[in-house]
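Student: One structure, as structure tokens, below. Some questions next.
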Amino acid sequence: MPNPSTETRTLISGAAQQKLLAFASLIALLIGFSLASPNFMQTTNMMSILQATSVNGVLAVAATLVIITGGIDLSVGTLMTFCAVMTGVVLTWGGVPLPLGVLAALGTGALVGLASGTFVAKMKIPPFIATLGVMLILKGLSLIVTGGRPIYFNDTPGFTEISQGSLVGKILPALPLPNGVLILFLVAGAASYILARTVLGRYCFALGSNEEAVRLSGVNVDRWKMAIYALAGAICGVAGLLIASRLNSAQPALGQGYELDAIAAVVIGGTSLAGGRGTILGTLIGALIISVLTNGLRILSVAPEWQTVITGAIIIVAVYADQLRRGGTR
Amino acid sequence: MPNPSTETRTLISGAAQQKLLAFASLIALLIGFSLASPNFMQTTNMMSILQATSVNGVLAVAATLVIITGGIDLSVGTLMTFCAVMTGVVLTWGGVPLPLGVLAALGTGALVGLASGTFVAKMKIPPFIATLGVMLILKGLSLIVTGGRPIYFNDTPGFTEISQGSLVGKILPALPLPNGVLILFLVAGAASYILARTVLGRYCFALGSNEEAVRLSGVNVDRWKMAIYALAGAICGVAGLLIASRLNSAQPALGQGYELDAIAAVVIGGTSLAGGRGTILGTLIGALIISVLTNGLRILSVAPEWQTVITGAIIIVAVYADQLRRGGTR
Amino acid sequence: AAQERPYIPLISKGFQHQFWQAVKAGADKAAAEFNVEVTFEGPDNETQVDRQIDMLAAALAKKPAAIGFAALDSQAAIPLLRQARSAGIPVVAFDSGVESDIPVATASTDNIAAAALAADKMAELIGGSGKVALVVHDQTSRTGIDRRDGFVNRIREAHPDIQIVAVEYGGGDHLRSTEITKTLLQANPDLKGIFGANEGSAVGVVNGVREMKANVVIVGYDSGRAQTDAIRSGLMAGAITQNPVGIGYETVKAALAASRGETVEAKIDTGFYWYDAKNIDDPEISAVLYD
Amino acid sequence: MADLIRMEGIDKRFPGVHALKGVNFDLRPGEVHALMGENGAGKSTLMKCLSGVYVPDGGRILVEGREALLTSPRAAQDLGIGIIHQELALMRDLTVAQNIWIGREPRLSFGRLDEKRLNEETAALFRSMKAPMDPRALVGRLTIARQQMVEIAKALSHRSRALIMDEPTAALNDAEIADLFAIIRQLKAEGVGIVYISHKMDEIKRIADRVTVMRDGAWVGTVAAAETPISKIISMMVGREISDERPPAPDLSRAETALEVRGISRRPDLRDVSFSLKKGEILGFAGLMGAGRTEVARAIFGADPRDSGEILVQGRPVEIRSPKDAVAAGIGYLSEDRKQFGLALGMDVRANVAMTSLSRHADRLGRIDEGALARIARDYIRTLSIRTPSDLQEARLLSGGNQQKVVIAKWLLRDCEVLIFDEPTRGVDVGAKAEIYRLLEELAAAGKAIIVISSELPEILRLSHRIAVMCEGRLTGFLPGGASQEEIMALAIRRESAQATG
Ligand SMILES: Nc1ncnc2c1ncn2[C@@H]1O[C@H](COP(=O)(O)OP(=O)(O)OP(=O)(O)O)[C@@H](O)[C@H]1O
Ligand SMILES: Nc1ncnc2c1ncn2[C@@H]1O[C@H](COP(=O)(O)OP(=O)(O)OP(=O)(O)O)[C@@H](O)[C@H]1O
Ligand SMILES: [Mg+2]
Ligand SMILES: [Mg+2]
């Protein structure tokens, strides 16, 4: 029998290698674009790329949690918008102080997530349908609440700072990292920690791996599932804050279609739609790959229709390369 | 041991009951709308609803095949468009006779489907990513091929007949069933037959149920998977013909977003995204539920934003009702 | 070597639809004429405000001579527009204006006035009374709102006997607009007229009316082969056309002038026209129509 | 002695199946109560009722004299009832330790996990079981035998007062069974009541105090293990005597070679494995768990890639890169893990039986001859006495042993020249076992070449014309059919000093 400890070591270094290699796809893109255009590898452009990743990145983190449980969340985009709208309602119409507005976004997200979780866990509605329904409901509600007009945050000084200010830049002027990106990293860090180190995270993987086995082990599966959807919802609330702050407004019609980008980032990052396996780091890299591709092709002034074609092709190639290295399992 | 023959009958009637009940959701909607508006239950409106189902229905049939194998096809919408464009290219620009145009649509669909199938089967790219990539590639290619302008079929007499004529109406004037709907029924019938009675269909279910077990049974899993994606692609070609015929033009920008409607129809119809189970009849009912809802709410002059909310809510309720009747399993 | 020709990116509200392709054609025409390099892009649909902002950021990173910009939401773009101003990059607004003093010029159509003209024509064609409906492409985009409100308000103010029974939104998708039209006709058998507020909506209305074999007055917006055919065949009564080619052309022209420090006219009205079977072949009209 | 558990008149129906018909059962503290019966008799169902998985339709359950409502696995756990399920219920993407403590993870504040303690406690648990196992290994990567050990450890960790073991030894070999029995004896001494389900008749005498027999969902009788002969228990189970006569070994000296394997290697699991197999021969593969027998089979079958080596079928070299090549060359392989690799659980029995041979029962257009398949499936249901309401029952609804028979049927149908059976009788009852032995012998007599991999030495000895023994990925020797257990064990632990570094 092989020595157990050797086995473990191979396993860990194998996993680390995997991440490093997905990262390598990203690096390859960065190098390629840098060589192709001098305008690409510049601080402002790098910050633009990161800023462009922030919203999709946060949504993708939310989607990752749900996908690891073996579910799917189609409502992330419209939930983001709905949270932005609710923040607008309390801040601009209600005139409450900023922190309460932040709370409104997170609370709305968590509540809606809890509702989705209830549909999935208690009512046994397939996640695809439950979150599709929620997506449509929220899409309509955002329009109804706002009357179809954006809510502007002009009366809330400091609101744009949430995403566009730069705490890091104040300390390190050479690194004008927008707060939006800082928030993405914080959210991702927290989600990583939860997945790796807490009971909630453990049940994410367990549910995705074999829900029936978890149930047979005497775990209250429904409650944990609802908690996970609620957490994902709250994270969508963060995305709502970010996008509202970036646009200085809550745009009620925005959001549909964003779920596809978020899920794409998750899957490119190596998380399996079948559930049970996945990492937040992978998701971040997936989201960055999408942003870098989009930005780089634009910087190269590629015609928009060709941008689409090339993006499609590169996504396939990137995942294939990743697949080859993993040795074709799964 | 119980008498096998009695058992079989119970089993079949159990399954039939299930379908009948999903059907009951549809009937409930029909009755509800009929009571609410006298304009609803009229021959022309029923034909409109069916006609409105035809394109989404055909796409949903294609998606059903892939989903039963445990995969997913995000490219159905843009593939439909691309097939319509290729038909336009050969018919309008190439000036070939109509049957060749039909062949171009089916052939294009099958080839692209084969490509997706190859990515999934041979290159082991997750279906979500492979078809996402193909979706983007096709979206761009349609614009590139047409230069962003629609191709009109004014020079191809009879092209609009494909979807809008009525063979049935000629025979039975009381039933002016548009050909588009007839084609939907034919496609659905053929797909049902293939699923239930042929080797290809059997492997659809088997792959979705336990791909590794099929592989270890000595089946050439890759080849069958590619065949299934190719068949689904060809069916998207049919959808391309239908939409082109209805609009008397190939509209290059259309198609994205249609995949969500198609997949929704499939899942509402009781097919599991996990693979291994599903029926074409269920998918048809799912597609009809969507069309009836959309049409009925419009006939009732519900405000558009409320239409969205109500559609979302009813989808959840309909599936929940279905779930309750099945007794909560799966 | 690449920097020889001035570079002017145009960030529009979309690029897939025919209208935008026509704007792009005008821009390309100007590009060839004035020897500038022009790129043209926009998000997939008119809700994606943040995507457009990302495009604007990428365009700025390329250090262009000037920028053409059709804002989905003026306010959201202001930080980047300020950045452009401080970098000395002039901005020309096109399509609908940008509510800001940063753009040096605006090349646009007055959509509210154009839709009001459509309303007057509709009133005239249905004899001043009866039910009409609208099929609009978008509930929240500037053009969608302006055309809807322009039409609806004009009817309310000037044609009190006309009743607007429905406003539906089809995303500019031909097929969805077709289905919407059919249900409108089904729900309102006595409908006298339908206004389709952009190319996809108008063509959808034509299809829907044709499939229902209904007899209603159709007023459209923009052009394209399907609309011009419908007008020639009498199915569509007439339509408003803007001058998208002119918009693209004038935008590039003004941007180039501004980049050279020349003063440009602040408001470039590219105009709009009513066209129907009678005047469709007039040179003045056919010049602004596109297939 | 007071009853720990008493089940009275338990009734349970599934659509089309009356699985339990008023069954009585009781368990005392400190006893091992064996539950016996044919495949599909209702043993697992009865125990699922006791462990809160199913709620019975009728009857009542008393725990220490008080009526208990066991509506969820948690409720049963709280009453001190633990179970090792027959069908492994593990989370493949989690580690061994994470699986064992799921739902009861050692925690720090704020729901944080104490992963260090988790792994330490797991390691301690396995030490007490005398079974070395890495707590951090991913369960999905373990062989089925090791997964079984994880299930056992998980059940033990609960420290239940009543422990149900549903075929815990089906996947284990003799050495591990002995370790398990030592654990059971210790639990007994601590006063734990144990329900023990197994199809290995010899185990009953070794471990059980009382035996309850079920047949067709009904209680047949409860007897004392010591006083009742095995043959009596068997006849209670099947309602008749089973004769298991071994036919004389055939003379294979002039038989043609059916399969020849030359120097197959796959680092680090297989090293230079070579052997040949004659038509009509049954070659048994013996070895300890992890010896690499399954690896050999999978390498021959093309299920896993190999580093080197040649395979010849009937003297001709064949290129086998995937299972389809192997099947085309006339080689069939029945996997040891029926759930993962053997069955499409969501499909019906008929479709599963047909899986290997679908194209043979379809016309040129690919239309399936359902009538023929139905006839074939019903034939196998009869010959292998598969207990199922019909050939259209979903495989997942069958009892474990009956599922195994379905997998066997699908390979019998394919009619391969060379058949590799990996643990073919895992979970199969005595009657059906004899039936399967007879079938294998008939196949051999008809000229097929057969490899049987089994962890049950009696099975190897009963079936084999020749025995190959493996240790650590190498073939350590061949023995004639009549060899003794001691001779096999000697070869099975012959480690190579140079490779025994670990
Ligand atoms: N969920 C279910 N639905 C329908 N039938 C079922 C279900 N579970 C078990 N059965 C049936 O109930 C009967 C008893 O099954 P059970 O699993 O209890 O048998 P068992 O005695 O454990 O057999 P084995 O020795 O093969 O494990 C079988 O006929 C089986 O097919
Ligand atoms: N302690 C262990 N931890 C993890 N993997 C192990 C361990 N022991 C053996 N293995 C793996 O088991 C495989 C060999 O087992 P295999 O199933 O081929 O042997 P076998 O003789 O058929 O044994 P079994 O009785 O388990 O079927 C090898 O891949 C080896 O890496
Ligand atoms: Mg059992
Ligand atoms: Mg083995």
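Ordering of the structure tokens sets the chain letters (A, B, ...), residue numbers begin anew at 1 in every chain, and ligands are numbered from 1 in the order given.
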Among the residues of range 74-297 of chain A, find those DSSP assigns to helix (DSSP H, G or I) from the backbone and print them as number ranges by chain.
Tutor: A: 76-93, 98-121, 127-146, 161-164, 167-171, 179-197, 199-216, 221-247, 258-268, 280-297
Student: Would you list which chain B residues are within 6 Å of chain D using only C-alpha atoms, as JSON, numbers by chain?
Tutor: {"B": [4, 7, 197, 198, 199, 209, 210, 212, 213, 216, 217, 218, 219, 220]}
Student: Go ahead and write the residues just picked, C-alpha atoms, as a PDB file, in the first residue's frame.
Tutor:
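Result file again_5.pdb:
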```
ATOM      1  CA  PRO B   4     -45.563  -8.714 -13.940  1.00  0.00           C
ATOM      2  CA  GLU B   7     -47.198  -4.137 -12.708  1.00  0.00           C
ATOM      3  CA  ARG B 197     -37.421   3.649 -30.324  1.00  0.00           C
ATOM      4  CA  THR B 198     -33.912   4.009 -31.678  1.00  0.00           C
ATOM      5  CA  VAL B 199     -30.414   3.252 -30.540  1.00  0.00           C
ATOM      6  CA  SER B 209     -27.832   8.498 -16.663  1.00  0.00           C
ATOM      7  CA  ASN B 210     -24.302   7.161 -16.300  1.00  0.00           C
ATOM      8  CA  GLU B 212     -19.017   5.947 -17.494  1.00  0.00           C
ATOM      9  CA  ALA B 213     -21.161   2.835 -17.301  1.00  0.00           C
ATOM     10  CA  LEU B 216     -17.522   0.519 -19.882  1.00  0.00           C
ATOM     11  CA  SER B 217     -20.228  -1.347 -21.768  1.00  0.00           C
ATOM     12  CA  GLY B 218     -18.038  -0.981 -24.827  1.00  0.00           C
ATOM     13  CA  VAL B 219     -20.155   1.702 -26.462  1.00  0.00           C
ATOM     14  CA  ASN B 220     -18.423   4.297 -28.606  1.00  0.00           C
TER      15      ASN B 220
END
```
Student: Determine, for each residue of chain B having at least one atom at most 6 Å from an atom of chain A, the closest pair of atoms and their separation in Å to one decimal, counting only C-alpha atoms; order by chain and ascending number, as a tab-separated table.
Tutor:
```
residue	atom	partner	partner_atom	distance
B:Ala130	CA	A:Ile316	CA	5.9
B:Gly133	CA	A:Gly312	CA	3.9
B:Leu136	CA	A:Gly312	CA	4.9
B:Ile137	CA	A:Val309	CA	3.9
B:Gly140	CA	A:Glu305	CA	4.5
B:Glu305	CA	A:Gly140	CA	4.5
B:Trp306	CA	A:Gly140	CA	6.0
B:Thr308	CA	A:Gly140	CA	5.2
B:Val309	CA	A:Ile137	CA	3.9
B:Gly312	CA	A:Gly133	CA	3.9
B:Ala313	CA	A:Gly133	CA	5.9
B:Ile316	CA	A:Gly133	CA	5.8
```
Student: Dump N, CA and C atoms for the selected residues as a PDB file, in the first residue's frame?
Tutor:
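Listing of result_30.pdb after writing:
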```pdb
ATOM      1  N   ALA B 130     -18.392  24.864 -24.222  1.00  0.00           N
ATOM      2  CA  ALA B 130     -18.288  24.589 -25.656  1.00  0.00           C
ATOM      3  C   ALA B 130     -19.398  25.319 -26.407  1.00  0.00           C
ATOM      4  N   GLY B 133     -19.062  29.141 -26.312  1.00  0.00           N
ATOM      5  CA  GLY B 133     -18.098  29.571 -27.323  1.00  0.00           C
ATOM      6  C   GLY B 133     -18.720  29.559 -28.711  1.00  0.00           C
ATOM      7  N   LEU B 136     -21.079  32.454 -29.270  1.00  0.00           N
ATOM      8  CA  LEU B 136     -20.434  33.726 -29.568  1.00  0.00           C
ATOM      9  C   LEU B 136     -19.886  33.735 -30.989  1.00  0.00           C
ATOM     10  N   ILE B 137     -19.257  32.621 -31.367  1.00  0.00           N
ATOM     11  CA  ILE B 137     -18.680  32.549 -32.715  1.00  0.00           C
ATOM     12  C   ILE B 137     -19.774  32.756 -33.765  1.00  0.00           C
ATOM     13  N   GLY B 140     -21.134  36.346 -34.023  1.00  0.00           N
ATOM     14  CA  GLY B 140     -20.263  37.193 -34.829  1.00  0.00           C
ATOM     15  C   GLY B 140     -20.332  36.832 -36.304  1.00  0.00           C
ATOM     16  N   GLU B 305     -44.543  45.372 -17.534  1.00  0.00           N
ATOM     17  CA  GLU B 305     -43.662  45.017 -16.407  1.00  0.00           C
ATOM     18  C   GLU B 305     -44.369  44.030 -15.476  1.00  0.00           C
ATOM     19  N   TRP B 306     -45.683  44.150 -15.376  1.00  0.00           N
ATOM     20  CA  TRP B 306     -46.415  43.164 -14.578  1.00  0.00           C
ATOM     21  C   TRP B 306     -46.487  41.827 -15.293  1.00  0.00           C
ATOM     22  N   THR B 308     -44.122  40.473 -16.873  1.00  0.00           N
ATOM     23  CA  THR B 308     -42.889  39.765 -16.499  1.00  0.00           C
ATOM     24  C   THR B 308     -43.019  39.161 -15.105  1.00  0.00           C
ATOM     25  N   VAL B 309     -43.497  39.969 -14.167  1.00  0.00           N
ATOM     26  CA  VAL B 309     -43.608  39.492 -12.792  1.00  0.00           C
ATOM     27  C   VAL B 309     -44.531  38.268 -12.731  1.00  0.00           C
ATOM     28  N   GLY B 312     -43.067  35.099 -14.246  1.00  0.00           N
ATOM     29  CA  GLY B 312     -42.120  34.483 -13.321  1.00  0.00           C
ATOM     30  C   GLY B 312     -42.830  33.710 -12.229  1.00  0.00           C
ATOM     31  N   ALA B 313     -43.836  34.347 -11.639  1.00  0.00           N
ATOM     32  CA  ALA B 313     -44.536  33.702 -10.530  1.00  0.00           C
ATOM     33  C   ALA B 313     -45.264  32.443 -11.005  1.00  0.00           C
ATOM     34  N   ILE B 316     -43.030  29.411 -11.541  1.00  0.00           N
ATOM     35  CA  ILE B 316     -42.682  28.749 -10.277  1.00  0.00           C
ATOM     36  C   ILE B 316     -43.867  27.923  -9.766  1.00  0.00           C
TER      37      ILE B 316
END
```
Student: Ligand 3: which residues are within 9 Å, counting only C-alpha atoms and all ligand atoms, as a ChimeraX atom specification?
Tutor: /D:39-45,47,85-87,166-167,197-198,399-401,427
Student: Please save N, CA and C atoms of the selected residues as a PDB file, in the first residue's frame.
Tutor:
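Everything below was put into again37.pdb:
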```
ATOM      1  N   ASN D  39     -32.007 -12.012  -2.074  1.00  0.00           N
ATOM      2  CA  ASN D  39     -31.978 -10.662  -2.617  1.00  0.00           C
ATOM      3  C   ASN D  39     -33.408 -10.178  -2.833  1.00  0.00           C
ATOM      4  N   GLY D  40     -33.674  -9.007  -2.303  1.00  0.00           N
ATOM      5  CA  GLY D  40     -35.011  -8.443  -2.481  1.00  0.00           C
ATOM      6  C   GLY D  40     -36.001  -8.933  -1.445  1.00  0.00           C
ATOM      7  N   ALA D  41     -35.522  -9.634  -0.408  1.00  0.00           N
ATOM      8  CA  ALA D  41     -36.433 -10.136   0.611  1.00  0.00           C
ATOM      9  C   ALA D  41     -36.977  -8.997   1.473  1.00  0.00           C
ATOM     10  N   GLY D  42     -36.256  -7.878   1.511  1.00  0.00           N
ATOM     11  CA  GLY D  42     -36.748  -6.735   2.270  1.00  0.00           C
ATOM     12  C   GLY D  42     -35.872  -6.368   3.451  1.00  0.00           C
ATOM     13  N   LYS D  43     -34.667  -6.920   3.516  1.00  0.00           N
ATOM     14  CA  LYS D  43     -33.788  -6.670   4.649  1.00  0.00           C
ATOM     15  C   LYS D  43     -33.411  -5.192   4.755  1.00  0.00           C
ATOM     16  N   SER D  44     -32.930  -4.670   3.639  1.00  0.00           N
ATOM     17  CA  SER D  44     -32.503  -3.264   3.673  1.00  0.00           C
ATOM     18  C   SER D  44     -33.681  -2.352   3.950  1.00  0.00           C
ATOM     19  N   THR D  45     -34.818  -2.681   3.366  1.00  0.00           N
ATOM     20  CA  THR D  45     -35.995  -1.835   3.572  1.00  0.00           C
ATOM     21  C   THR D  45     -36.384  -1.814   5.049  1.00  0.00           C
ATOM     22  N   MET D  47     -34.465  -2.245   7.569  1.00  0.00           N
ATOM     23  CA  MET D  47     -33.482  -1.491   8.340  1.00  0.00           C
ATOM     24  C   MET D  47     -33.559   0.004   8.037  1.00  0.00           C
ATOM     25  N   HIS D  85     -25.043   1.840   5.457  1.00  0.00           N
ATOM     26  CA  HIS D  85     -25.915   1.491   4.342  1.00  0.00           C
ATOM     27  C   HIS D  85     -25.251   0.523   3.389  1.00  0.00           C
ATOM     28  N   GLN D  86     -26.090  -0.304   2.786  1.00  0.00           N
ATOM     29  CA  GLN D  86     -25.583  -1.268   1.812  1.00  0.00           C
ATOM     30  C   GLN D  86     -25.008  -0.546   0.605  1.00  0.00           C
ATOM     31  N   GLU D  87     -25.805   0.387   0.063  1.00  0.00           N
ATOM     32  CA  GLU D  87     -25.302   1.181  -1.048  1.00  0.00           C
ATOM     33  C   GLU D  87     -24.583   2.356  -0.412  1.00  0.00           C
ATOM     34  N   ASP D 166     -25.446  -3.206   7.104  1.00  0.00           N
ATOM     35  CA  ASP D 166     -26.070  -3.816   5.937  1.00  0.00           C
ATOM     36  C   ASP D 166     -24.985  -4.246   4.958  1.00  0.00           C
ATOM     37  N   GLU D 167     -24.675  -5.508   4.958  1.00  0.00           N
ATOM     38  CA  GLU D 167     -23.624  -6.087   4.115  1.00  0.00           C
ATOM     39  C   GLU D 167     -22.312  -5.312   4.191  1.00  0.00           C
ATOM     40  N   ILE D 197     -26.321  -7.854   8.501  1.00  0.00           N
ATOM     41  CA  ILE D 197     -26.869  -8.441   7.278  1.00  0.00           C
ATOM     42  C   ILE D 197     -25.708  -8.886   6.403  1.00  0.00           C
ATOM     43  N   SER D 198     -25.789 -10.099   5.896  1.00  0.00           N
ATOM     44  CA  SER D 198     -24.721 -10.583   5.020  1.00  0.00           C
ATOM     45  C   SER D 198     -25.226 -11.756   4.201  1.00  0.00           C
ATOM     46  N   SER D 399     -33.167  -4.086  -5.265  1.00  0.00           N
ATOM     47  CA  SER D 399     -32.274  -4.307  -4.134  1.00  0.00           C
ATOM     48  C   SER D 399     -30.863  -4.529  -4.659  1.00  0.00           C
ATOM     49  N   GLY D 400     -29.876  -4.317  -3.773  1.00  0.00           N
ATOM     50  CA  GLY D 400     -28.487  -4.357  -4.201  1.00  0.00           C
ATOM     51  C   GLY D 400     -28.111  -5.621  -4.950  1.00  0.00           C
ATOM     52  N   GLY D 401     -28.469  -6.758  -4.404  1.00  0.00           N
ATOM     53  CA  GLY D 401     -28.104  -8.019  -5.039  1.00  0.00           C
ATOM     54  C   GLY D 401     -28.753  -8.171  -6.398  1.00  0.00           C
ATOM     55  N   GLY D 427     -22.704  -9.210  -2.884  1.00  0.00           N
ATOM     56  CA  GLY D 427     -24.068  -8.893  -2.461  1.00  0.00           C
ATOM     57  C   GLY D 427     -25.127  -9.834  -2.995  1.00  0.00           C
TER      58      GLY D 427
END
```
Student: Would you mind listing the residues within 10 Å of ligand 4, counting only C-alpha atoms and all ligand atoms, as a CSV table (one decimal) with N, CA and C atoms, in the first residue's frame?
Tutor:
```csv
chain,number,residue,atom,x,y,z
D,143,THR,N,-10.8,3.0,-3.7
D,143,THR,CA,-11.4,1.8,-4.2
D,143,THR,C,-12.7,1.5,-3.4
D,144,ILE,N,-13.6,0.7,-3.9
D,144,ILE,CA,-14.8,0.5,-3.3
D,144,ILE,C,-14.6,-0.1,-1.9
D,145,ALA,N,-13.6,-1.0,-1.8
D,145,ALA,CA,-13.4,-1.6,-0.5
D,145,ALA,C,-13.0,-0.6,0.6
D,171,ALA,N,-17.6,-6.0,0.3
D,171,ALA,CA,-16.4,-5.6,-0.5
D,171,ALA,C,-15.1,-5.9,0.2
D,172,LEU,N,-15.2,-6.5,1.3
D,172,LEU,CA,-13.9,-6.7,2.1
D,172,LEU,C,-13.3,-8.1,1.9
D,285,PHE,N,-8.4,-14.8,-9.9
D,285,PHE,CA,-7.4,-13.8,-9.4
D,285,PHE,C,-7.6,-13.5,-8.0
D,286,ALA,N,-6.5,-13.9,-7.2
D,286,ALA,CA,-6.6,-13.6,-5.7
D,286,ALA,C,-5.6,-12.6,-5.3
D,287,GLY,N,-5.8,-12.0,-4.2
D,287,GLY,CA,-4.9,-11.0,-3.7
D,287,GLY,C,-5.5,-10.2,-2.6
D,288,LEU,N,-4.7,-9.5,-1.9
D,288,LEU,CA,-5.3,-8.6,-0.8
D,288,LEU,C,-5.9,-7.3,-1.5
D,289,MET,N,-6.7,-6.6,-0.7
D,289,MET,CA,-7.2,-5.4,-1.2
D,289,MET,C,-6.1,-4.5,-1.7
D,290,GLY,N,-6.3,-3.9,-2.9
D,290,GLY,CA,-5.3,-3.0,-3.4
D,290,GLY,C,-4.1,-3.8,-4.1
D,291,ALA,N,-4.3,-5.0,-4.3
D,291,ALA,CA,-3.2,-5.8,-4.9
D,291,ALA,C,-3.1,-5.4,-6.4
D,292,GLY,N,-4.1,-4.9,-7.0
D,292,GLY,CA,-4.0,-4.4,-8.4
D,292,GLY,C,-4.8,-5.3,-9.3
D,293,ARG,N,-5.6,-6.2,-8.8
D,293,ARG,CA,-6.4,-7.1,-9.7
D,293,ARG,C,-7.3,-6.3,-10.5
D,294,THR,N,-8.0,-5.4,-9.9
D,294,THR,CA,-9.0,-4.5,-10.7
D,294,THR,C,-8.2,-3.7,-11.7
D,295,GLU,N,-7.0,-3.3,-11.4
D,295,GLU,CA,-6.2,-2.5,-12.3
D,295,GLU,C,-5.8,-3.3,-13.5
D,296,VAL,N,-5.5,-4.6,-13.3
D,296,VAL,CA,-5.2,-5.5,-14.4
D,296,VAL,C,-6.3,-5.5,-15.4
D,297,ALA,N,-7.5,-5.8,-14.8
D,297,ALA,CA,-8.7,-6.0,-15.6
D,297,ALA,C,-9.0,-4.7,-16.4
D,298,ARG,N,-8.9,-3.6,-15.7
D,298,ARG,CA,-9.2,-2.3,-16.4
D,298,ARG,C,-8.2,-2.0,-17.5
D,335,SER,N,-17.6,-4.7,-13.9
D,335,SER,CA,-16.8,-3.9,-12.9
D,335,SER,C,-17.2,-4.3,-11.5
D,336,GLU,N,-16.3,-4.0,-10.5
D,336,GLU,CA,-16.6,-4.4,-9.1
D,336,GLU,C,-17.6,-3.3,-8.5
D,337,ASP,N,-17.7,-2.2,-9.2
D,337,ASP,CA,-18.5,-1.1,-8.6
D,337,ASP,C,-19.7,-0.9,-9.4
D,422,ASP,N,-15.3,-9.1,-12.2
D,422,ASP,CA,-14.6,-8.5,-11.0
D,422,ASP,C,-15.6,-8.5,-9.9
D,423,GLU,N,-15.4,-9.4,-8.9
D,423,GLU,CA,-16.3,-9.5,-7.8
D,423,GLU,C,-17.8,-9.8,-8.3
D,453,ILE,N,-12.2,-12.3,-10.6
D,453,ILE,CA,-11.5,-11.7,-9.5
D,453,ILE,C,-12.4,-11.7,-8.3
D,454,SER,N,-11.9,-12.2,-7.2
D,454,SER,CA,-12.8,-12.2,-6.0
D,454,SER,C,-11.9,-12.1,-4.8
D,455,SER,N,-12.5,-11.4,-3.8
D,455,SER,CA,-11.9,-11.3,-2.5
D,455,SER,C,-12.3,-12.4,-1.6
```
Student: Grab the CA of Ala299 in chain D to CA of Asp269 in chain D distance for me, in Å with one decimal place.
Tutor: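 Pair CA of Ala299 in chain D / CA of Asp269 in chain D returns 10.5 Å.
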Student: Go through chain B residue by residue and, counting only C-alpha atoms, keep those with an atom at most 7 Å from chain C; for each kept residue give the shortest atom pair and its distance in Å to one decimal, ordered by chain and increasing number, as a tab-separated table.
Tutor:
```
residue	atom	partner	partner_atom	distance
B:Asn39	CA	C:Ala187	CA	5.7
B:Asn45	CA	C:Gln186	CA	6.5
B:Ala52	CA	C:Glu179	CA	6.4
B:Gly148	CA	C:Gln16	CA	6.3
B:Arg149	CA	C:Gln18	CA	6.1
B:Leu247	CA	C:Asn207	CA	6.9
B:Ala253	CA	C:Gln16	CA	5.4
B:Leu254	CA	C:Asp173	CA	6.7
B:Asn295	CA	C:Thr183	CA	6.3
B:Arg298	CA	C:Thr183	CA	6.4
B:Ile299	CA	C:Ala187	CA	4.9
B:Pro304	CA	C:Glu168	CA	6.3
```
Student: For a quick check of understanding, using only C-alpha atoms, which of A:Ala206, A:Gly113, A:Thr156, A:Ala188 has the smallest distance to Leu100 in chain A?
Tutor: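 The answer is A:Thr156, which sits nearest to Leu100 in chain A.
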Student: From a DSSP pass on the backbone, collect the residues of range 161-309 of chain D flagged as strand (DSSP E or B) and hand them back as a PyMOL selection string.
Tutor: chain D and resi 162-166+193-197+210-215+218-224+257-266+270-278+282-287+308-309
Student: Considering only C-alpha atoms, return as a PyMOL selection string whatever protein or nucleic-acid residues lie within 12 Å of range 104-109 of chain D, sequence-local ones (same chain, fewer than 2 positions apart) excluded.
Tutor: (chain A and resi 197-200+202-203+214+217-220) or (chain D and resi 74+77+97-102+111-122+154+157-158)
